[in-house]
Structure formats: structure tokens, C-alpha cells
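Worksheet: one structure, shown below.
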Amino acid sequence: MDVNTKLVVLDKIYRVYDDFTGKLDLACQKYCAHCCTCNVTLTTLEGYRIARHLISSGQSSLFEKLQAVLSSKRFQPVVTTNKLAELCALGKDLPLESSDPAWGPCPLLKNDECLIYLQRPFGCRCMVSKHNCRETGYADMDTLVLTVNNVCLQYMEHIDAHGFTGNLSDVLDVMAKEQNRQHYKSNKLKVAGTSLIANRPIKVLMIPPEHRHEVKPILDALNRIQVPMK
């Protein structure tokens with residue numbers, strides 16, 4: 001599957017998720033940026049999508065803004081979602097990972113507004129809450145929403161199985177370079193010396209028994225996504 005096909009599939013996954021959240025009673029609205037921290041993660045496919053947008057829209061200067069925070073503390077995952085699912089299925093211990101919203105806001109925020117809102121990664125799209133996060137101090141999500149989030153993350157990692165996952169700043173720092181984008185398109189991207197971790201295909205889905213019935217329409221919609229012909 002070439003990168004343009006992957007991007008089409010990615011957009012369709014976004015739409016499936018938007019249809020799901022569109023039926024929820026959420027408090028999220030414009031300028032509500034309490035959960036927009038520097039700890040967002042994404043795949044290289046999403047990073048490629050954002051980098052291409054920044055370049056085509058004349059916003060390449062934002063790469064410099066991202067590079068300026070690379071020395072700051074931020075969440076850098078040590079396992080991907082699909083690897084986490086495998087570990088859970090095997091009953092193995094999960095690695096310790098630390099993440100603190102106090103480490104700072106997302107570097108792509110300006111006056112509490114996202115500078116890439118329409119192109120934002122799934123890690124931002126899925127951070128939804130039933131109550132205002134500024135009032136509660138945290139995002140209030142149903143466990144079903146968390147399950148749907150994980151399933152969508154697994155599918156997105158699966159279609160980018162030759163790519164990598166990492167913190168938004170780290171992934172976009174890699175994708176800022178033309179050579180890396182070209183290597184990514186040909187499945188030859190090398191990330192030695194970075195904190196990015198290799199993606200994996202789906203082996204098992206993280207769906208608890210109590211959510212299987214409710215998640216089935218989401219799975220059916222994801223499985224109906226048609227891969228366009230070349």
C-alpha cells in the first residue's frame with residue numbers, strides 16, 4: 001500500500017471516529033485547550049500528513065518551533081498500542097511509562113488555538129471529555145470511549161506497520177527533512193538515534209468482553225473501509 005493510499009485510509013478512520021463521537025454529549029469546544037499538552041503521540045503516517053500540510057500551506061516555520069522544545073521533557077512511549085495489546089493478551093507485565101501534563105502545553109498551540117486543527121493527529125482527536133477539563137482537572141471519558149480509542153489506534157498503527165510511533169515533536173522533527181519523507185514513502189525510513197519505536201501489525205484487539213457488542217458497529221465500519229485502486 002503506497003503512502004497516498006494509506007492517507008486515504010487514515011482519513012476514513014478519522015471519519016469513522018468522528019461519526020462515533022458526534023453522537024456523544026461532550027464538553028469539548030474551541031479554545032478548550034487544557035488537555036493540549038506536549039505529550040501527544042502519533043504515527044509516522046500522521047506525521048507525514050502534518051508535515052506535508054505545513055509545507056504546502058507555507059507554515060514550515062512551525063518546524064523550528066517544534067525543534068525549540070526538543071530539549072524539554074515530554075512523553076516518549078516505549079511500546080506501541082499493538083505491542084501493548086500483545087503484552088496484555090499474554091498476561092505480561094507492562095513497561096513503566098511516565099507522562100505529566102505539567103511538562104507543558106503543545107508547541108502547536110497559540111492563544112489556546114491549535115495551529116493544525118484540521119490536520120491534528122488522532123491522539124488529539126480522541127481526547128474528549130464529558131465535562132470541562134479546566135473545572136475537573138482531567139478528561140472524563142466513558143470506558144467504552146477508551147476502548148474505541150484503542151481500537152482506532154490499533155488500526156492506524158496497522159496500516160503504518162512499516163513506520164514508527166513517537167511524541168509529536170519527535171516525529172515531526174524527523175518528517176521535517178525532505179530526505180526522511182522520501183525514505184518514508186519507500187518504506188526505507190531509518191530512525192536510529194531518535195526515540196521513535198517501530199510499529200506493529202494487529203495480532204489481537206484490546207476489546208473487553210463487556211464492550212464487544214457496542215464496539216461491533218465500529219469494527220464493521222473500519223473493516224468496510226475500501227482501499228482505493230491505484
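Residues in the C-alpha cells are named by chain (A, B, ... in the order shown) and by number from 1 within that chain; ligands are numbered from 1 in the order shown.
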Tell me, counting only C-alpha atoms, for each residue of segment 53-132 of chain A within 9 Å of segment 151-170 of chain A, which pair of atoms is nearest and how far apart they are in Å to one decimal, in rows ordered by chain and increasing number, as CSV.
```
residue,atom,partner,partner_atom,distance
A:Phe63,CA,A:Ser169,CA,8.8
A:Leu66,CA,A:Ser169,CA,5.6
A:Gln67,CA,A:Ser169,CA,7.2
A:Val69,CA,A:Ser169,CA,7.7
A:Leu70,CA,A:Ser169,CA,6.9
A:Arg74,CA,A:Asn167,CA,7.6
A:Phe75,CA,A:Asn167,CA,6.5
A:Gln76,CA,A:Asn167,CA,5.4
A:Pro77,CA,A:Gly166,CA,6.2
A:Val78,CA,A:Gly166,CA,8.5
A:Val79,CA,A:Thr165,CA,8.7
A:Thr80,CA,A:Thr165,CA,6.7
A:Thr81,CA,A:Gln154,CA,6.0
A:Asn82,CA,A:Gln154,CA,5.7
A:Ala85,CA,A:Gln154,CA,8.6
A:Cys106,CA,A:Leu168,CA,8.9
A:Pro107,CA,A:Ser169,CA,8.1
A:Pro121,CA,A:Leu168,CA,8.7
A:Phe122,CA,A:Leu153,CA,7.6
A:Gly123,CA,A:Leu153,CA,8.4
```
So that I can see what lies close to Tyr17 of chain A, please list as a list in words the residues with an atom at most 9 Å from it, counting only C-alpha atoms and leaving out residues fewer than 2 positions away in the same chain.
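Residues meeting the cut-off are Lys12, Ile13, Tyr14, Arg15, Asp19, Phe20, Thr21, Gly22, Arg125, Cys126, Val148, Asn149, Cys152 and Ile218 of chain A.
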Distance criterion (only C-alpha atoms): nearest to Ile197 of chain A out of A:Leu115, A:Leu144, A:Ile50, A:Leu42
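So, comparing all the options, the nearest one is A:Leu42.
Note that atom CA of Cys114 of chain A and atom CA of Ala68 of chain A are 17.6 Å apart.
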May I have all residues of segment 7-220 of chain A that DSSP, computed from the backbone, assigns to alpha helix (DSSP H), given as a PDB file with N, CA and C atoms, in the first residue's frame?
```pdb
ATOM      1  N   LEU A   7      -2.939   7.338   3.379  1.00  0.00           N
ATOM      2  CA  LEU A   7      -3.531   8.596   3.832  1.00  0.00           C
ATOM      3  C   LEU A   7      -5.041   8.608   3.624  1.00  0.00           C
ATOM      4  N   VAL A   8      -5.492   8.026   2.522  1.00  0.00           N
ATOM      5  CA  VAL A   8      -6.936   7.929   2.272  1.00  0.00           C
ATOM      6  C   VAL A   8      -7.586   7.066   3.348  1.00  0.00           C
ATOM      7  N   VAL A   9      -6.953   5.934   3.653  1.00  0.00           N
ATOM      8  CA  VAL A   9      -7.481   5.037   4.685  1.00  0.00           C
ATOM      9  C   VAL A   9      -7.481   5.733   6.047  1.00  0.00           C
ATOM     10  N   LEU A  10      -6.412   6.469   6.341  1.00  0.00           N
ATOM     11  CA  LEU A  10      -6.322   7.203   7.601  1.00  0.00           C
ATOM     12  C   LEU A  10      -7.478   8.192   7.742  1.00  0.00           C
ATOM     13  N   ASP A  11      -7.765   8.942   6.690  1.00  0.00           N
ATOM     14  CA  ASP A  11      -8.867   9.895   6.730  1.00  0.00           C
ATOM     15  C   ASP A  11     -10.206   9.190   6.965  1.00  0.00           C
ATOM     16  N   LYS A  12     -10.353   8.006   6.412  1.00  0.00           N
ATOM     17  CA  LYS A  12     -11.600   7.257   6.599  1.00  0.00           C
ATOM     18  C   LYS A  12     -11.731   6.766   8.040  1.00  0.00           C
ATOM     19  N   ILE A  13     -10.606   6.404   8.652  1.00  0.00           N
ATOM     20  CA  ILE A  13     -10.632   6.014  10.060  1.00  0.00           C
ATOM     21  C   ILE A  13     -11.029   7.216  10.913  1.00  0.00           C
ATOM     22  N   TYR A  14     -10.466   8.378  10.592  1.00  0.00           N
ATOM     23  CA  TYR A  14     -10.862   9.605  11.294  1.00  0.00           C
ATOM     24  C   TYR A  14     -12.368   9.822  11.205  1.00  0.00           C
ATOM     25  N   ARG A  15     -12.945   9.603  10.013  1.00  0.00           N
ATOM     26  CA  ARG A  15     -14.373   9.843   9.826  1.00  0.00           C
ATOM     27  C   ARG A  15     -15.216   8.854  10.626  1.00  0.00           C
ATOM     28  N   VAL A  16     -14.768   7.598  10.675  1.00  0.00           N
ATOM     29  CA  VAL A  16     -15.479   6.608  11.495  1.00  0.00           C
ATOM     30  C   VAL A  16     -15.500   7.063  12.946  1.00  0.00           C
ATOM     31  N   TYR A  17     -14.373   7.564  13.414  1.00  0.00           N
ATOM     32  CA  TYR A  17     -14.296   8.013  14.799  1.00  0.00           C
ATOM     33  C   TYR A  17     -15.133   9.271  15.019  1.00  0.00           C
ATOM     34  N   ASP A  18     -15.082  10.196  14.074  1.00  0.00           N
ATOM     35  CA  ASP A  18     -15.884  11.416  14.201  1.00  0.00           C
ATOM     36  C   ASP A  18     -17.378  11.095  14.238  1.00  0.00           C
ATOM     37  N   ASP A  19     -17.802  10.096  13.465  1.00  0.00           N
ATOM     38  CA  ASP A  19     -19.205   9.673  13.497  1.00  0.00           C
ATOM     39  C   ASP A  19     -19.568   9.135  14.880  1.00  0.00           C
ATOM     40  N   PHE A  20     -18.644   8.411  15.479  1.00  0.00           N
ATOM     41  CA  PHE A  20     -18.867   7.850  16.810  1.00  0.00           C
ATOM     42  C   PHE A  20     -18.966   8.957  17.857  1.00  0.00           C
ATOM     43  N   THR A  21     -18.007   9.868  17.889  1.00  0.00           N
ATOM     44  CA  THR A  21     -18.004  10.924  18.900  1.00  0.00           C
ATOM     45  C   THR A  21     -19.099  11.961  18.651  1.00  0.00           C
ATOM     46  N   THR A  44       4.108   7.769  12.233  1.00  0.00           N
ATOM     47  CA  THR A  44       4.818   8.484  11.166  1.00  0.00           C
ATOM     48  C   THR A  44       3.888   8.805  10.001  1.00  0.00           C
ATOM     49  N   LEU A  45       2.840   8.008   9.798  1.00  0.00           N
ATOM     50  CA  LEU A  45       1.882   8.329   8.737  1.00  0.00           C
ATOM     51  C   LEU A  45       1.178   9.643   9.055  1.00  0.00           C
ATOM     52  N   GLU A  46       0.752   9.804  10.300  1.00  0.00           N
ATOM     53  CA  GLU A  46       0.126  11.057  10.696  1.00  0.00           C
ATOM     54  C   GLU A  46       1.139  12.200  10.640  1.00  0.00           C
ATOM     55  N   GLY A  47       2.386  11.911  11.028  1.00  0.00           N
ATOM     56  CA  GLY A  47       3.432  12.924  10.966  1.00  0.00           C
ATOM     57  C   GLY A  47       3.710  13.364   9.545  1.00  0.00           C
ATOM     58  N   TYR A  48       3.706  12.405   8.626  1.00  0.00           N
ATOM     59  CA  TYR A  48       3.910  12.721   7.209  1.00  0.00           C
ATOM     60  C   TYR A  48       2.779  13.612   6.712  1.00  0.00           C
ATOM     61  N   ARG A  49       1.564  13.291   7.117  1.00  0.00           N
ATOM     62  CA  ARG A  49       0.383  14.067   6.716  1.00  0.00           C
ATOM     63  C   ARG A  49       0.491  15.511   7.208  1.00  0.00           C
ATOM     64  N   ILE A  50       0.877  15.674   8.468  1.00  0.00           N
ATOM     65  CA  ILE A  50       1.001  17.014   9.043  1.00  0.00           C
ATOM     66  C   ILE A  50       2.148  17.775   8.385  1.00  0.00           C
ATOM     67  N   ALA A  51       3.291  17.111   8.203  1.00  0.00           N
ATOM     68  CA  ALA A  51       4.455  17.780   7.596  1.00  0.00           C
ATOM     69  C   ALA A  51       4.135  18.247   6.188  1.00  0.00           C
ATOM     70  N   ARG A  52       3.458  17.414   5.427  1.00  0.00           N
ATOM     71  CA  ARG A  52       3.083  17.788   4.058  1.00  0.00           C
ATOM     72  C   ARG A  52       2.168  19.005   4.062  1.00  0.00           C
ATOM     73  N   HIS A  53       1.257  19.044   5.037  1.00  0.00           N
ATOM     74  CA  HIS A  53       0.353  20.186   5.155  1.00  0.00           C
ATOM     75  C   HIS A  53       1.118  21.460   5.516  1.00  0.00           C
ATOM     76  N   LEU A  54       2.019  21.375   6.471  1.00  0.00           N
ATOM     77  CA  LEU A  54       2.784  22.558   6.889  1.00  0.00           C
ATOM     78  C   LEU A  54       3.576  23.141   5.730  1.00  0.00           C
ATOM     79  N   ILE A  55       4.156  22.278   4.928  1.00  0.00           N
ATOM     80  CA  ILE A  55       4.967  22.728   3.789  1.00  0.00           C
ATOM     81  C   ILE A  55       4.083  23.337   2.708  1.00  0.00           C
ATOM     82  N   SER A  56       2.983  22.659   2.375  1.00  0.00           N
ATOM     83  CA  SER A  56       2.123  23.138   1.291  1.00  0.00           C
ATOM     84  C   SER A  56       1.366  24.408   1.665  1.00  0.00           C
ATOM     85  N   SER A  61       7.744  27.239   9.097  1.00  0.00           N
ATOM     86  CA  SER A  61       8.400  27.846  10.256  1.00  0.00           C
ATOM     87  C   SER A  61       8.005  27.148  11.556  1.00  0.00           C
ATOM     88  N   LEU A  62       6.879  26.433  11.543  1.00  0.00           N
ATOM     89  CA  LEU A  62       6.455  25.720  12.746  1.00  0.00           C
ATOM     90  C   LEU A  62       7.400  24.577  13.086  1.00  0.00           C
ATOM     91  N   PHE A  63       8.148  24.083  12.089  1.00  0.00           N
ATOM     92  CA  PHE A  63       9.144  23.052  12.377  1.00  0.00           C
ATOM     93  C   PHE A  63      10.191  23.586  13.356  1.00  0.00           C
ATOM     94  N   GLU A  64      10.545  24.858  13.194  1.00  0.00           N
ATOM     95  CA  GLU A  64      11.525  25.469  14.092  1.00  0.00           C
ATOM     96  C   GLU A  64      10.956  25.583  15.504  1.00  0.00           C
ATOM     97  N   LYS A  65       9.674  25.866  15.596  1.00  0.00           N
ATOM     98  CA  LYS A  65       9.026  25.954  16.907  1.00  0.00           C
ATOM     99  C   LYS A  65       9.058  24.598  17.611  1.00  0.00           C
ATOM    100  N   LEU A  66       8.883  23.549  16.840  1.00  0.00           N
ATOM    101  CA  LEU A  66       8.937  22.202  17.396  1.00  0.00           C
ATOM    102  C   LEU A  66      10.352  21.840  17.832  1.00  0.00           C
ATOM    103  N   GLN A  67      11.322  22.194  17.010  1.00  0.00           N
ATOM    104  CA  GLN A  67      12.712  21.883  17.336  1.00  0.00           C
ATOM    105  C   GLN A  67      13.147  22.577  18.619  1.00  0.00           C
ATOM    106  N   THR A  81       0.759   0.832  20.655  1.00  0.00           N
ATOM    107  CA  THR A  81      -0.540   0.308  21.084  1.00  0.00           C
ATOM    108  C   THR A  81      -0.679  -1.176  20.756  1.00  0.00           C
ATOM    109  N   ASN A  82      -0.235  -1.597  19.575  1.00  0.00           N
ATOM    110  CA  ASN A  82      -0.363  -3.010  19.207  1.00  0.00           C
ATOM    111  C   ASN A  82       0.563  -3.898  20.030  1.00  0.00           C
ATOM    112  N   LYS A  83       1.731  -3.406  20.379  1.00  0.00           N
ATOM    113  CA  LYS A  83       2.608  -4.168  21.270  1.00  0.00           C
ATOM    114  C   LYS A  83       1.991  -4.267  22.646  1.00  0.00           C
ATOM    115  N   LEU A  84       1.380  -3.187  23.107  1.00  0.00           N
ATOM    116  CA  LEU A  84       0.700  -3.192  24.402  1.00  0.00           C
ATOM    117  C   LEU A  84      -0.416  -4.230  24.419  1.00  0.00           C
ATOM    118  N   ALA A  85      -1.169  -4.313  23.315  1.00  0.00           N
ATOM    119  CA  ALA A  85      -2.255  -5.300  23.220  1.00  0.00           C
ATOM    120  C   ALA A  85      -1.701  -6.717  23.315  1.00  0.00           C
ATOM    121  N   GLU A  86      -0.571  -6.969  22.658  1.00  0.00           N
ATOM    122  CA  GLU A  86       0.052  -8.298  22.714  1.00  0.00           C
ATOM    123  C   GLU A  86       0.482  -8.643  24.130  1.00  0.00           C
ATOM    124  N   LEU A  87       1.082  -7.684  24.835  1.00  0.00           N
ATOM    125  CA  LEU A  87       1.528  -7.918  26.205  1.00  0.00           C
ATOM    126  C   LEU A  87       0.355  -8.216  27.124  1.00  0.00           C
ATOM    127  N   CYS A  88      -0.732  -7.459  26.940  1.00  0.00           N
ATOM    128  CA  CYS A  88      -1.931  -7.676  27.758  1.00  0.00           C
ATOM    129  C   CYS A  88      -2.518  -9.063  27.504  1.00  0.00           C
ATOM    130  N   ALA A  89      -2.574  -9.467  26.247  1.00  0.00           N
ATOM    131  CA  ALA A  89      -3.141 -10.764  25.895  1.00  0.00           C
ATOM    132  C   ALA A  89      -2.327 -11.915  26.485  1.00  0.00           C
ATOM    133  N   PHE A 122      -4.660  11.680  15.710  1.00  0.00           N
ATOM    134  CA  PHE A 122      -5.718  11.001  16.449  1.00  0.00           C
ATOM    135  C   PHE A 122      -5.547  11.169  17.954  1.00  0.00           C
ATOM    136  N   GLY A 123      -4.300  11.267  18.421  1.00  0.00           N
ATOM    137  CA  GLY A 123      -4.049  11.456  19.839  1.00  0.00           C
ATOM    138  C   GLY A 123      -4.725  12.692  20.382  1.00  0.00           C
ATOM    139  N   CYS A 124      -4.972  13.678  19.519  1.00  0.00           N
ATOM    140  CA  CYS A 124      -5.710  14.885  19.906  1.00  0.00           C
ATOM    141  C   CYS A 124      -7.210  14.678  19.708  1.00  0.00           C
ATOM    142  N   ARG A 125      -7.580  14.071  18.597  1.00  0.00           N
ATOM    143  CA  ARG A 125      -8.993  13.858  18.277  1.00  0.00           C
ATOM    144  C   ARG A 125      -9.703  13.015  19.331  1.00  0.00           C
ATOM    145  N   CYS A 133     -12.572  20.159  31.215  1.00  0.00           N
ATOM    146  CA  CYS A 133     -11.331  19.716  31.862  1.00  0.00           C
ATOM    147  C   CYS A 133     -10.753  20.782  32.790  1.00  0.00           C
ATOM    148  N   ARG A 134     -10.986  22.044  32.475  1.00  0.00           N
ATOM    149  CA  ARG A 134     -10.469  23.123  33.335  1.00  0.00           C
ATOM    150  C   ARG A 134     -11.127  23.078  34.716  1.00  0.00           C
ATOM    151  N   GLU A 135     -12.375  22.602  34.755  1.00  0.00           N
ATOM    152  CA  GLU A 135     -13.100  22.555  36.018  1.00  0.00           C
ATOM    153  C   GLU A 135     -12.788  21.296  36.813  1.00  0.00           C
ATOM    154  N   THR A 136     -12.624  20.172  36.094  1.00  0.00           N
ATOM    155  CA  THR A 136     -12.386  18.897  36.778  1.00  0.00           C
ATOM    156  C   THR A 136     -10.907  18.587  36.947  1.00  0.00           C
ATOM    157  N   THR A 143     -15.558   4.320  29.732  1.00  0.00           N
ATOM    158  CA  THR A 143     -14.632   3.234  29.396  1.00  0.00           C
ATOM    159  C   THR A 143     -14.851   2.751  27.958  1.00  0.00           C
ATOM    160  N   LEU A 144     -16.079   2.864  27.450  1.00  0.00           N
ATOM    161  CA  LEU A 144     -16.341   2.484  26.060  1.00  0.00           C
ATOM    162  C   LEU A 144     -15.555   3.383  25.113  1.00  0.00           C
ATOM    163  N   VAL A 145     -15.502   4.675  25.406  1.00  0.00           N
ATOM    164  CA  VAL A 145     -14.737   5.600  24.565  1.00  0.00           C
ATOM    165  C   VAL A 145     -13.263   5.202  24.553  1.00  0.00           C
ATOM    166  N   LEU A 146     -12.732   4.826  25.706  1.00  0.00           N
ATOM    167  CA  LEU A 146     -11.338   4.396  25.777  1.00  0.00           C
ATOM    168  C   LEU A 146     -11.102   3.158  24.917  1.00  0.00           C
ATOM    169  N   THR A 147     -12.065   2.241  24.922  1.00  0.00           N
ATOM    170  CA  THR A 147     -11.939   1.040  24.100  1.00  0.00           C
ATOM    171  C   THR A 147     -11.942   1.388  22.617  1.00  0.00           C
ATOM    172  N   VAL A 148     -12.875   2.243  22.199  1.00  0.00           N
ATOM    173  CA  VAL A 148     -12.935   2.661  20.797  1.00  0.00           C
ATOM    174  C   VAL A 148     -11.648   3.393  20.412  1.00  0.00           C
ATOM    175  N   ASN A 149     -11.144   4.226  21.305  1.00  0.00           N
ATOM    176  CA  ASN A 149      -9.875   4.915  21.045  1.00  0.00           C
ATOM    177  C   ASN A 149      -8.761   3.916  20.763  1.00  0.00           C
ATOM    178  N   ASN A 150      -8.658   2.909  21.621  1.00  0.00           N
ATOM    179  CA  ASN A 150      -7.590   1.915  21.453  1.00  0.00           C
ATOM    180  C   ASN A 150      -7.731   1.149  20.149  1.00  0.00           C
ATOM    181  N   VAL A 151      -8.958   0.785  19.794  1.00  0.00           N
ATOM    182  CA  VAL A 151      -9.182   0.043  18.548  1.00  0.00           C
ATOM    183  C   VAL A 151      -8.757   0.883  17.343  1.00  0.00           C
ATOM    184  N   CYS A 152      -9.151   2.149  17.320  1.00  0.00           N
ATOM    185  CA  CYS A 152      -8.762   3.016  16.207  1.00  0.00           C
ATOM    186  C   CYS A 152      -7.252   3.205  16.155  1.00  0.00           C
ATOM    187  N   LEU A 153      -6.626   3.363  17.316  1.00  0.00           N
ATOM    188  CA  LEU A 153      -5.166   3.474  17.361  1.00  0.00           C
ATOM    189  C   LEU A 153      -4.505   2.216  16.813  1.00  0.00           C
ATOM    190  N   GLN A 154      -5.088   1.061  17.122  1.00  0.00           N
ATOM    191  CA  GLN A 154      -4.525  -0.196  16.616  1.00  0.00           C
ATOM    192  C   GLN A 154      -4.625  -0.280  15.095  1.00  0.00           C
ATOM    193  N   TYR A 155      -5.756   0.137  14.554  1.00  0.00           N
ATOM    194  CA  TYR A 155      -5.921   0.096  13.102  1.00  0.00           C
ATOM    195  C   TYR A 155      -4.956   1.066  12.417  1.00  0.00           C
ATOM    196  N   MET A 156      -4.783   2.252  12.997  1.00  0.00           N
ATOM    197  CA  MET A 156      -3.878   3.235  12.392  1.00  0.00           C
ATOM    198  C   MET A 156      -2.428   2.767  12.436  1.00  0.00           C
ATOM    199  N   GLU A 157      -2.062   2.137  13.534  1.00  0.00           N
ATOM    200  CA  GLU A 157      -0.707   1.577  13.601  1.00  0.00           C
ATOM    201  C   GLU A 157      -0.545   0.454  12.593  1.00  0.00           C
ATOM    202  N   HIS A 158      -1.598  -0.343  12.423  1.00  0.00           N
ATOM    203  CA  HIS A 158      -1.547  -1.478  11.498  1.00  0.00           C
ATOM    204  C   HIS A 158      -1.273  -1.022  10.058  1.00  0.00           C
ATOM    205  N   ILE A 159      -1.949   0.052   9.616  1.00  0.00           N
ATOM    206  CA  ILE A 159      -1.737   0.492   8.232  1.00  0.00           C
ATOM    207  C   ILE A 159      -0.392   1.197   8.064  1.00  0.00           C
ATOM    208  N   LEU A 168       4.818  13.766  19.299  1.00  0.00           N
ATOM    209  CA  LEU A 168       4.547  14.647  18.163  1.00  0.00           C
ATOM    210  C   LEU A 168       5.789  15.442  17.742  1.00  0.00           C
ATOM    211  N   SER A 169       6.492  16.030  18.697  1.00  0.00           N
ATOM    212  CA  SER A 169       7.668  16.841  18.377  1.00  0.00           C
ATOM    213  C   SER A 169       8.765  15.998  17.745  1.00  0.00           C
ATOM    214  N   ASP A 170       8.947  14.775  18.242  1.00  0.00           N
ATOM    215  CA  ASP A 170       9.999  13.906  17.717  1.00  0.00           C
ATOM    216  C   ASP A 170       9.682  13.415  16.306  1.00  0.00           C
ATOM    217  N   VAL A 171       8.414  13.023  16.096  1.00  0.00           N
ATOM    218  CA  VAL A 171       8.013  12.535  14.766  1.00  0.00           C
ATOM    219  C   VAL A 171       8.112  13.658  13.732  1.00  0.00           C
ATOM    220  N   LEU A 172       7.629  14.852  14.082  1.00  0.00           N
ATOM    221  CA  LEU A 172       7.662  15.956  13.117  1.00  0.00           C
ATOM    222  C   LEU A 172       9.084  16.465  12.884  1.00  0.00           C
ATOM    223  N   ASP A 173       9.958  16.307  13.866  1.00  0.00           N
ATOM    224  CA  ASP A 173      11.360  16.665  13.652  1.00  0.00           C
ATOM    225  C   ASP A 173      11.976  15.766  12.594  1.00  0.00           C
ATOM    226  N   VAL A 174      11.600  14.498  12.595  1.00  0.00           N
ATOM    227  CA  VAL A 174      12.071  13.559  11.566  1.00  0.00           C
ATOM    228  C   VAL A 174      11.452  13.903  10.213  1.00  0.00           C
ATOM    229  N   MET A 175      10.128  14.149  10.210  1.00  0.00           N
ATOM    230  CA  MET A 175       9.420  14.390   8.960  1.00  0.00           C
ATOM    231  C   MET A 175       9.680  15.772   8.372  1.00  0.00           C
ATOM    232  N   GLU A 178      13.241  16.546   4.046  1.00  0.00           N
ATOM    233  CA  GLU A 178      12.776  16.014   2.766  1.00  0.00           C
ATOM    234  C   GLU A 178      13.280  14.591   2.533  1.00  0.00           C
ATOM    235  N   GLN A 179      14.524  14.341   2.853  1.00  0.00           N
ATOM    236  CA  GLN A 179      15.091  13.001   2.639  1.00  0.00           C
ATOM    237  C   GLN A 179      14.340  11.952   3.454  1.00  0.00           C
ATOM    238  N   ASN A 180      13.994  12.291   4.689  1.00  0.00           N
ATOM    239  CA  ASN A 180      13.256  11.344   5.527  1.00  0.00           C
ATOM    240  C   ASN A 180      11.862  11.085   4.978  1.00  0.00           C
ATOM    241  N   ARG A 181      11.224  12.119   4.459  1.00  0.00           N
ATOM    242  CA  ARG A 181       9.890  11.920   3.878  1.00  0.00           C
ATOM    243  C   ARG A 181       9.965  11.017   2.658  1.00  0.00           C
ATOM    244  N   GLN A 182      10.982  11.183   1.854  1.00  0.00           N
ATOM    245  CA  GLN A 182      11.151  10.320   0.684  1.00  0.00           C
ATOM    246  C   GLN A 182      11.441   8.881   1.104  1.00  0.00           C
ATOM    247  N   HIS A 183      12.286   8.714   2.114  1.00  0.00           N
ATOM    248  CA  HIS A 183      12.585   7.369   2.604  1.00  0.00           C
ATOM    249  C   HIS A 183      11.342   6.729   3.218  1.00  0.00           C
ATOM    250  N   TYR A 184      10.539   7.546   3.891  1.00  0.00           N
ATOM    251  CA  TYR A 184       9.308   7.010   4.475  1.00  0.00           C
ATOM    252  C   TYR A 184       8.376   6.504   3.377  1.00  0.00           C
ATOM    253  N   LYS A 185       8.242   7.261   2.309  1.00  0.00           N
ATOM    254  CA  LYS A 185       7.351   6.876   1.208  1.00  0.00           C
ATOM    255  C   LYS A 185       7.763   5.540   0.597  1.00  0.00           C
ATOM    256  N   ARG A 212     -17.843  -5.695  23.656  1.00  0.00           N
ATOM    257  CA  ARG A 212     -17.824  -6.332  22.335  1.00  0.00           C
ATOM    258  C   ARG A 212     -19.052  -5.994  21.505  1.00  0.00           C
ATOM    259  N   HIS A 213     -20.217  -6.009  22.115  1.00  0.00           N
ATOM    260  CA  HIS A 213     -21.442  -5.720  21.372  1.00  0.00           C
ATOM    261  C   HIS A 213     -21.470  -4.276  20.890  1.00  0.00           C
ATOM    262  N   GLU A 214     -21.127  -3.349  21.774  1.00  0.00           N
ATOM    263  CA  GLU A 214     -21.188  -1.932  21.428  1.00  0.00           C
ATOM    264  C   GLU A 214     -20.103  -1.517  20.438  1.00  0.00           C
ATOM    265  N   VAL A 215     -18.977  -2.209  20.468  1.00  0.00           N
ATOM    266  CA  VAL A 215     -17.865  -1.854  19.573  1.00  0.00           C
ATOM    267  C   VAL A 215     -18.030  -2.474  18.187  1.00  0.00           C
ATOM    268  N   LYS A 216     -18.883  -3.483  18.072  1.00  0.00           N
ATOM    269  CA  LYS A 216     -19.028  -4.180  16.792  1.00  0.00           C
ATOM    270  C   LYS A 216     -19.353  -3.242  15.626  1.00  0.00           C
ATOM    271  N   PRO A 217     -20.270  -2.257  15.769  1.00  0.00           N
ATOM    272  CA  PRO A 217     -20.526  -1.350  14.635  1.00  0.00           C
ATOM    273  C   PRO A 217     -19.274  -0.563  14.219  1.00  0.00           C
ATOM    274  N   ILE A 218     -18.420  -0.213  15.192  1.00  0.00           N
ATOM    275  CA  ILE A 218     -17.171   0.488  14.867  1.00  0.00           C
ATOM    276  C   ILE A 218     -16.247  -0.438  14.082  1.00  0.00           C
ATOM    277  N   LEU A 219     -16.125  -1.671  14.547  1.00  0.00           N
ATOM    278  CA  LEU A 219     -15.280  -2.638  13.834  1.00  0.00           C
ATOM    279  C   LEU A 219     -15.799  -2.890  12.428  1.00  0.00           C
ATOM    280  N   ASP A 220     -17.118  -3.020  12.301  1.00  0.00           N
ATOM    281  CA  ASP A 220     -17.705  -3.242  10.973  1.00  0.00           C
ATOM    282  C   ASP A 220     -17.387  -2.065  10.051  1.00  0.00           C
TER     283      ASP A 220
END
```
Which of these residues is nearest to Ser195 of chain A, using only C-alpha atoms: A:Gly91, A:Thr41, A:Ile225, A:Ala102?
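The shortest atom-to-atom distance to Ser195 of chain A comes from A:Thr41.
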From the DSSP assignment of the backbone, select every residue of segment 28-224 of chain A that is strand (DSSP E or B), and format the answer as a list in words.
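Here is the list: Thr37, Thr41, Leu42, Thr43, Pro105, Leu109, Lys110, Glu113, Cys114, Phe164, Thr165, Gly166, Asn167, Ile197 and Ala198 of chain A.
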Rounded to one decimal in Å, what is the spacing between atom CA of Pro101 of chain A and atom CA of Cys35 of chain A?
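Those two atoms sit 7.6 Å apart.
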Could you tell me how far atom CA of Ser99 of chain A lies from atom CA of Asn39 of chain A, in Å and to one decimal?
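Atom CA of Ser99 of chain A sits 6.9 Å away from atom CA of Asn39 of chain A.
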Selected residue, from A:Thr5, A:Thr37, A:Ser98, A:Ser71, that lies nearest to Gln226 of chain A when counting only C-alpha atoms
A:Thr5
